[in-house]
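Listing of run_39.pdb; format and content: PDB, C-alpha atoms and all ligand atoms.
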```
MODEL        1
ATOM      1  CA  MET A   1     182.803 102.002  31.748
ATOM      2  CA  LYS A   2     179.972 101.322  34.172
ATOM      3  CA  LYS A   3     178.872  98.426  32.013
ATOM      4  CA  ILE A   4     182.350  96.851  32.077
ATOM      5  CA  LEU A   5     182.433  97.094  35.862
ATOM      6  CA  THR A   6     179.045  95.434  36.092
ATOM      7  CA  ILE A   7     180.109  92.588  33.836
ATOM      8  CA  THR A   8     183.305  92.107  35.840
ATOM      9  CA  LEU A   9     181.322  91.942  39.063
ATOM     10  CA  ILE A  10     178.996  89.330  37.623
ATOM     11  CA  LEU A  11     181.963  87.215  36.524
ATOM     12  CA  VAL A  12     183.485  87.441  40.002
ATOM     13  CA  LEU A  13     180.211  86.361  41.589
ATOM     14  CA  MET A  14     179.947  83.467  39.147
ATOM     15  CA  GLY A  15     183.502  82.542  40.054
ATOM     16  CA  CYS A  16     182.435  82.165  43.676
ATOM     17  CA  ASP A  17     179.589  79.907  42.666
ATOM     18  CA  SER A  18     181.641  77.640  40.467
ATOM     19  CA  LEU A  19     183.262  75.675  43.270
ATOM     20  CA  LYS A  20     184.033  72.303  41.760
ATOM     21  CA  THR A  21     183.375  69.567  44.262
ATOM     22  CA  SER A  22     185.792  67.415  42.247
ATOM     23  CA  ASP A  23     188.482  69.644  43.778
ATOM     24  CA  ILE A  24     187.509  68.415  47.236
ATOM     25  CA  ILE A  25     188.897  64.976  47.968
ATOM     26  CA  PHE A  26     188.136  62.691  50.886
ATOM     27  CA  ASN A  27     191.149  60.368  51.038
ATOM     28  CA  ASP A  28     191.247  57.093  52.957
ATOM     29  CA  LEU A  29     187.681  57.375  54.208
ATOM     30  CA  THR A  30     187.358  54.762  56.947
ATOM     31  CA  VAL A  31     184.207  54.003  58.903
ATOM     32  CA  TYR A  32     184.277  51.302  61.545
ATOM     33  CA  ALA A  33     181.371  48.955  62.047
ATOM     34  CA  PRO A  34     180.048  49.544  65.562
ATOM     35  CA  ARG A  35     181.205  46.916  68.039
ATOM     36  CA  ALA A  36     178.508  44.475  69.124
ATOM     37  CA  GLY A  37     176.136  46.177  71.530
ATOM     38  CA  ASN A  38     177.613  49.597  70.765
ATOM     39  CA  ARG A  39     175.546  52.352  69.156
ATOM     40  CA  VAL A  40     178.444  54.715  68.429
ATOM     41  CA  THR A  41     181.350  54.390  66.041
ATOM     42  CA  ALA A  42     183.993  56.604  64.478
ATOM     43  CA  GLY A  43     185.035  57.613  60.976
ATOM     44  CA  PHE A  44     188.301  59.052  59.698
ATOM     45  CA  THR A  45     189.449  60.706  56.470
ATOM     46  CA  ASP A  46     191.831  63.294  55.072
ATOM     47  CA  ILE A  47     189.889  66.130  53.481
ATOM     48  CA  ILE A  48     191.896  67.895  50.783
ATOM     49  CA  ASN A  49     190.662  71.182  49.379
ATOM     50  CA  ASN A  50     192.323  71.642  45.989
ATOM     51  CA  SER A  51     189.926  74.419  45.025
ATOM     52  CA  SER A  52     190.750  78.100  45.234
ATOM     53  CA  ASP A  53     187.912  78.707  47.699
ATOM     54  CA  THR A  54     187.726  78.115  51.417
ATOM     55  CA  ILE A  55     185.136  75.438  52.003
ATOM     56  CA  THR A  56     183.011  74.902  55.068
ATOM     57  CA  ILE A  57     181.259  71.676  55.886
ATOM     58  CA  ASN A  58     177.952  72.630  57.486
ATOM     59  CA  SER A  59     176.627  69.179  58.190
ATOM     60  CA  ILE A  60     177.151  65.495  57.549
ATOM     61  CA  SER A  61     174.412  62.908  57.535
ATOM     62  CA  SER A  62     174.076  59.235  56.690
ATOM     63  CA  PRO A  63     171.097  57.017  55.831
ATOM     64  CA  GLN A  64     172.676  54.354  58.058
ATOM     65  CA  PHE A  65     172.905  56.522  61.195
ATOM     66  CA  ASN A  66     170.396  58.819  62.855
ATOM     67  CA  ILE A  67     173.123  61.247  63.944
ATOM     68  CA  VAL A  68     176.503  62.129  62.433
ATOM     69  CA  GLU A  69     178.658  64.682  64.229
ATOM     70  CA  ILE A  70     182.136  66.091  63.812
ATOM     71  CA  HIS A  71     184.043  65.834  67.080
ATOM     72  CA  GLU A  72     187.349  67.034  68.361
ATOM     73  CA  THR A  73     189.293  65.204  71.053
ATOM     74  CA  ILE A  74     190.638  67.525  73.715
ATOM     75  CA  MET A  75     192.933  66.708  76.615
ATOM     76  CA  ASN A  76     192.081  68.066  80.053
ATOM     77  CA  ASN A  77     194.514  67.204  82.849
ATOM     78  CA  GLY A  78     195.490  64.065  80.986
ATOM     79  CA  ILE A  79     191.896  62.989  80.399
ATOM     80  CA  ALA A  80     190.623  62.874  76.831
ATOM     81  CA  SER A  81     187.126  64.094  76.108
ATOM     82  CA  MET A  82     185.270  65.005  72.959
ATOM     83  CA  ILE A  83     183.514  68.165  71.932
ATOM     84  CA  LYS A  84     181.160  68.593  68.989
ATOM     85  CA  ILE A  85     182.248  70.940  66.205
ATOM     86  CA  ASN A  86     179.369  72.578  64.351
ATOM     87  CA  THR A  87     181.213  73.435  61.148
ATOM     88  CA  LEU A  88     184.548  72.422  59.677
ATOM     89  CA  THR A  89     186.416  74.931  57.532
ATOM     90  CA  ILE A  90     189.186  73.966  55.144
ATOM     91  CA  PRO A  91     191.105  76.895  53.629
ATOM     92  CA  GLU A  92     191.897  76.886  49.918
ATOM     93  CA  LYS A  93     194.690  74.497  48.907
ATOM     94  CA  GLN A  94     194.859  73.027  52.402
ATOM     95  CA  SER A  95     193.765  69.834  54.084
ATOM     96  CA  VAL A  96     192.298  68.722  57.381
ATOM     97  CA  SER A  97     192.815  65.245  58.801
ATOM     98  CA  LEU A  98     190.102  63.491  60.729
ATOM     99  CA  LYS A  99     192.168  60.978  62.663
ATOM    100  CA  PRO A 100     192.252  59.025  65.921
ATOM    101  CA  GLY A 101     192.985  61.359  68.817
ATOM    102  CA  GLY A 102     192.041  64.451  66.829
ATOM    103  CA  LYS A 103     189.048  65.607  64.863
ATOM    104  CA  HIS A 104     186.861  62.696  63.789
ATOM    105  CA  LEU A 105     183.430  61.697  62.611
ATOM    106  CA  MET A 106     181.135  60.304  65.266
ATOM    107  CA  LEU A 107     178.386  58.114  63.859
ATOM    108  CA  ILE A 108     175.637  57.652  66.393
ATOM    109  CA  ASP A 109     172.516  55.521  66.650
ATOM    110  CA  PRO A 110     172.623  53.222  63.588
ATOM    111  CA  VAL A 111     169.207  52.605  62.044
ATOM    112  CA  LYS A 112     170.031  48.890  62.050
ATOM    113  CA  ARG A 113     172.949  46.651  63.007
ATOM    114  CA  ILE A 114     175.901  47.389  60.679
ATOM    115  CA  ASN A 115     178.299  44.582  59.906
ATOM    116  CA  GLU A 116     181.762  44.668  58.406
ATOM    117  CA  GLY A 117     181.589  45.077  54.614
ATOM    118  CA  GLU A 118     178.249  46.860  54.564
ATOM    119  CA  GLU A 119     178.005  50.060  52.571
ATOM    120  CA  ILE A 120     178.013  53.361  54.435
ATOM    121  CA  THR A 121     176.907  56.544  52.681
ATOM    122  CA  LEU A 122     177.876  59.974  53.939
ATOM    123  CA  ILE A 123     176.171  63.110  52.674
ATOM    124  CA  ILE A 124     178.358  66.186  53.068
ATOM    125  CA  GLU A 125     176.644  69.569  52.938
ATOM    126  CA  LEU A 126     178.863  72.531  52.153
ATOM    127  CA  SER A 127     178.143  76.157  52.991
ATOM    128  CA  SER A 128     178.165  76.806  49.231
ATOM    129  CA  ASN A 129     174.924  74.758  49.109
ATOM    130  CA  GLU A 130     176.685  71.955  47.306
ATOM    131  CA  THR A 131     176.281  68.395  48.488
ATOM    132  CA  MET A 132     178.793  65.598  48.153
ATOM    133  CA  THR A 133     177.882  61.946  48.532
ATOM    134  CA  LEU A 134     180.598  59.556  49.704
ATOM    135  CA  LYS A 135     180.413  55.796  49.920
ATOM    136  CA  THR A 136     182.630  53.365  51.746
ATOM    137  CA  THR A 137     182.285  49.983  53.374
ATOM    138  CA  ALA A 138     182.318  49.486  57.114
ATOM    139  CA  VAL A 139     185.526  47.897  58.368
ATOM    140  CA  SER A 140     186.121  45.891  61.503
ATOM    141  CA  ARG A 141     187.922  47.439  64.451
ATOM    142  CA  PHE A 142     189.814  44.202  64.970
TER     143      PHE A 142
HETATM  144 CU    CU B 201     183.688  61.578  69.138
ENDMDL
END
```

Is it possible to express this structure as structure tokens?
Amino acid sequence: MKKILTITLILVLMGCDSLKTSDIIFNDLTVYAPRAGNRVTAGFTDIINNSSDTITINSISSPQFNIVEIHETIMNNGIASMIKINTLTIPEKQSVSLKPGGKHLMLIDPVKRINEGEEITLIIELSSNETMTLKTTAVSRF
């Protein structure tokens, strides 16, 4: 009996490790090319967690930007300001939208001038130690 319990426990632990990143979808990933003379730009996406595990994004980085942060827009007496979020959690079978006026990606300090159509890579690090690499092309704000 003890042996069966042990085997069951191992299977459960393996189950936790077998998060399939293919179950995590970044829909409509949009990154804007920074405006001329501007060293900050924004990115938006809908993150869909189709897995049966809660996922947490611990960090996001990009070879094209020195700093990538997740921000949330908050209203204070009618004035919008942004705060940095350190981690972003998406419960199982749920989604989180990064959209204008809400949570968003803030891409700061590009390593070189980024023009419309240039490839942007985002490296997503999950708390499960898995890494996802996303690619999109910078679009114009106008
Ligand atoms: Cu921001």

**Request:** Could you list the residues chosen by the PyMOL selection byres (((not hetatm)) within 10 of (chain B and resi 201)) in this structure as a ChimeraX atom specification?
**Result:** /A:40-43,68-73,81-85,100-108

Same residues, C-alpha atoms, output as an mmCIF file, keeping the file's coordinate frame:
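Result file part-v8.cif:
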```cif
data_model
loop_
_atom_site.group_PDB
_atom_site.id
_atom_site.type_symbol
_atom_site.label_atom_id
_atom_site.label_comp_id
_atom_site.auth_asym_id
_atom_site.auth_seq_id
_atom_site.Cartn_x
_atom_site.Cartn_y
_atom_site.Cartn_z
ATOM 1 C CA VAL A 40 178.444 54.715 68.429
ATOM 2 C CA THR A 41 181.350 54.390 66.041
ATOM 3 C CA ALA A 42 183.993 56.604 64.478
ATOM 4 C CA GLY A 43 185.035 57.613 60.976
ATOM 5 C CA VAL A 68 176.503 62.129 62.433
ATOM 6 C CA GLU A 69 178.658 64.682 64.229
ATOM 7 C CA ILE A 70 182.136 66.091 63.812
ATOM 8 C CA HIS A 71 184.043 65.834 67.080
ATOM 9 C CA GLU A 72 187.349 67.034 68.361
ATOM 10 C CA THR A 73 189.293 65.204 71.053
ATOM 11 C CA SER A 81 187.126 64.094 76.108
ATOM 12 C CA MET A 82 185.270 65.005 72.959
ATOM 13 C CA ILE A 83 183.514 68.165 71.932
ATOM 14 C CA LYS A 84 181.160 68.593 68.989
ATOM 15 C CA ILE A 85 182.248 70.940 66.205
ATOM 16 C CA PRO A 100 192.252 59.025 65.921
ATOM 17 C CA GLY A 101 192.985 61.359 68.817
ATOM 18 C CA GLY A 102 192.041 64.451 66.829
ATOM 19 C CA LYS A 103 189.048 65.607 64.863
ATOM 20 C CA HIS A 104 186.861 62.696 63.789
ATOM 21 C CA LEU A 105 183.430 61.697 62.611
ATOM 22 C CA MET A 106 181.135 60.304 65.266
ATOM 23 C CA LEU A 107 178.386 58.114 63.859
ATOM 24 C CA ILE A 108 175.637 57.652 66.393
#
```

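The space between atom CA of A:Pro91 and atom CA of A:Asn129 spans 16.9 Å.
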
Atom CA of A:Pro110 to atom CA of A:Phe44 measures 17.2 Å

A:Asp23 proximity check over A:Ser61, A:Asn38, A:Asn66, A:Ser95, using only C-alpha atoms: winner is A:Ser95

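This file, queried with the PyMOL selection byres (((chain A and resi 46) around 9) and not hetatm), gives the residues A:Ile25, A:Phe26, A:Asn27, A:Asp28, A:Leu29, A:Phe44, A:Thr45, A:Ile47, A:Ile48, A:Ser95, A:Val96, A:Ser97, A:Leu98, A:Lys99.
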
Open item on the list: Give me, as a VMD selection string, all polymer residues having an atom no more than 7 Å from A:Glu119, counting all atoms listed in the file and skipping those fewer than 3 positions away in the same chain.
Closed with: chain A and resid 135 to 138

The distance between atom CA of A:Ile90 and atom CA of A:Thr56 is 6.2 Å

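Distances from A:Ser51, A:Ile124, A:Arg39, A:Glu130 to A:Lys112 were compared using all atoms listed in the file, and the smallest one belongs to A:Arg39.
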
Let me have the centre and edge lengths of the axis-aligned box enclosing all listed atoms of stretch 20-36 of chain A with 6 Å padding on every side, in Å to one decimal, as JSON.
```
{"center_x": 184.9, "center_y": 58.4, "center_z": 55.4, "size_x": 24.7, "size_y": 39.8, "size_z": 39.4}
```

Around the point (174.7, 59.4, 55.9) in the file's coordinates, collect all residues with an atom within 7 Å, using only C-alpha atoms, and return them as a ChimeraX atom specification.
/A:60-65,121-123

Please write the residues picked by the PyMOL selection byres (((chain A and resi 87) around 7) and not hetatm) on this file as a ChimeraX atom specification. /A:56-59,85-86,88-89

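Distance annotation: of A:Ile114, A:Ile67, A:Ile79, A:Ile55, the residue with the minimal separation from A:Gly37 is A:Ile114; atom set is all atoms listed in the file.
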
Can you put N, CA and C atoms back into stretch 31-57 of chain A and show it as a short mmCIF file (atom, residue, chain, number, x, y, z; two decimals), keeping the file's coordinate frame?
```cif
data_model
loop_
_atom_site.label_atom_id
_atom_site.label_comp_id
_atom_site.auth_asym_id
_atom_site.auth_seq_id
_atom_site.Cartn_x
_atom_site.Cartn_y
_atom_site.Cartn_z
N VAL A 31 185.27 54.02 57.90
CA VAL A 31 184.21 54.00 58.90
C VAL A 31 184.21 52.62 59.53
N TYR A 32 184.27 52.58 60.85
CA TYR A 32 184.28 51.30 61.54
C TYR A 32 182.86 50.84 61.81
N ALA A 33 182.64 49.54 61.63
CA ALA A 33 181.37 48.96 62.05
C ALA A 33 181.30 49.06 63.56
N PRO A 34 180.14 49.47 64.10
CA PRO A 34 180.05 49.54 65.56
C PRO A 34 180.31 48.17 66.18
N ARG A 35 181.01 48.17 67.31
CA ARG A 35 181.20 46.92 68.04
C ARG A 35 179.85 46.40 68.50
N ALA A 36 179.76 45.09 68.68
CA ALA A 36 178.51 44.48 69.12
C ALA A 36 178.00 45.18 70.38
N GLY A 37 176.74 45.54 70.37
CA GLY A 37 176.14 46.18 71.53
C GLY A 37 176.45 47.66 71.66
N ASN A 38 177.21 48.20 70.69
CA ASN A 38 177.61 49.60 70.76
C ASN A 38 176.85 50.40 69.71
N ARG A 39 176.34 51.56 70.09
CA ARG A 39 175.55 52.35 69.16
C ARG A 39 176.29 53.60 68.67
N VAL A 40 177.62 53.59 68.87
CA VAL A 40 178.44 54.72 68.43
C VAL A 40 179.68 54.15 67.75
N THR A 41 180.09 54.78 66.65
CA THR A 41 181.35 54.39 66.04
C THR A 41 182.01 55.63 65.44
N ALA A 42 183.22 55.46 64.96
CA ALA A 42 183.99 56.60 64.48
C ALA A 42 184.33 56.46 63.00
N GLY A 43 184.59 57.59 62.36
CA GLY A 43 185.04 57.61 60.98
C GLY A 43 186.20 58.58 60.84
N PHE A 44 187.10 58.24 59.90
CA PHE A 44 188.30 59.05 59.70
C PHE A 44 188.53 59.28 58.21
N THR A 45 189.12 60.41 57.86
CA THR A 45 189.45 60.71 56.47
C THR A 45 190.38 61.91 56.44
N ASP A 46 191.08 62.06 55.32
CA ASP A 46 191.83 63.29 55.07
C ASP A 46 191.05 64.08 54.05
N ILE A 47 190.66 65.29 54.41
CA ILE A 47 189.89 66.13 53.48
C ILE A 47 190.86 67.12 52.84
N ILE A 48 190.96 67.04 51.52
CA ILE A 48 191.90 67.90 50.78
C ILE A 48 191.09 68.87 49.93
N ASN A 49 191.36 70.14 50.14
CA ASN A 49 190.66 71.18 49.38
C ASN A 49 191.60 71.72 48.31
N ASN A 50 191.49 71.19 47.10
CA ASN A 50 192.32 71.64 45.99
C ASN A 50 191.72 72.83 45.25
N SER A 51 190.57 73.29 45.71
CA SER A 51 189.93 74.42 45.02
C SER A 51 190.56 75.72 45.48
N SER A 52 190.22 76.80 44.83
CA SER A 52 190.75 78.10 45.23
C SER A 52 189.76 78.86 46.11
N ASP A 53 188.85 78.11 46.74
CA ASP A 53 187.91 78.71 47.70
C ASP A 53 188.05 78.00 49.04
N THR A 54 187.87 78.74 50.11
CA THR A 54 187.73 78.11 51.42
C THR A 54 186.40 77.37 51.43
N ILE A 55 186.41 76.15 51.91
CA ILE A 55 185.14 75.44 52.00
C ILE A 55 184.79 75.21 53.48
N THR A 56 183.49 75.18 53.72
CA THR A 56 183.01 74.90 55.07
C THR A 56 181.99 73.78 55.00
N ILE A 57 182.24 72.76 55.79
CA ILE A 57 181.26 71.68 55.89
C ILE A 57 180.26 72.07 56.97
#
```
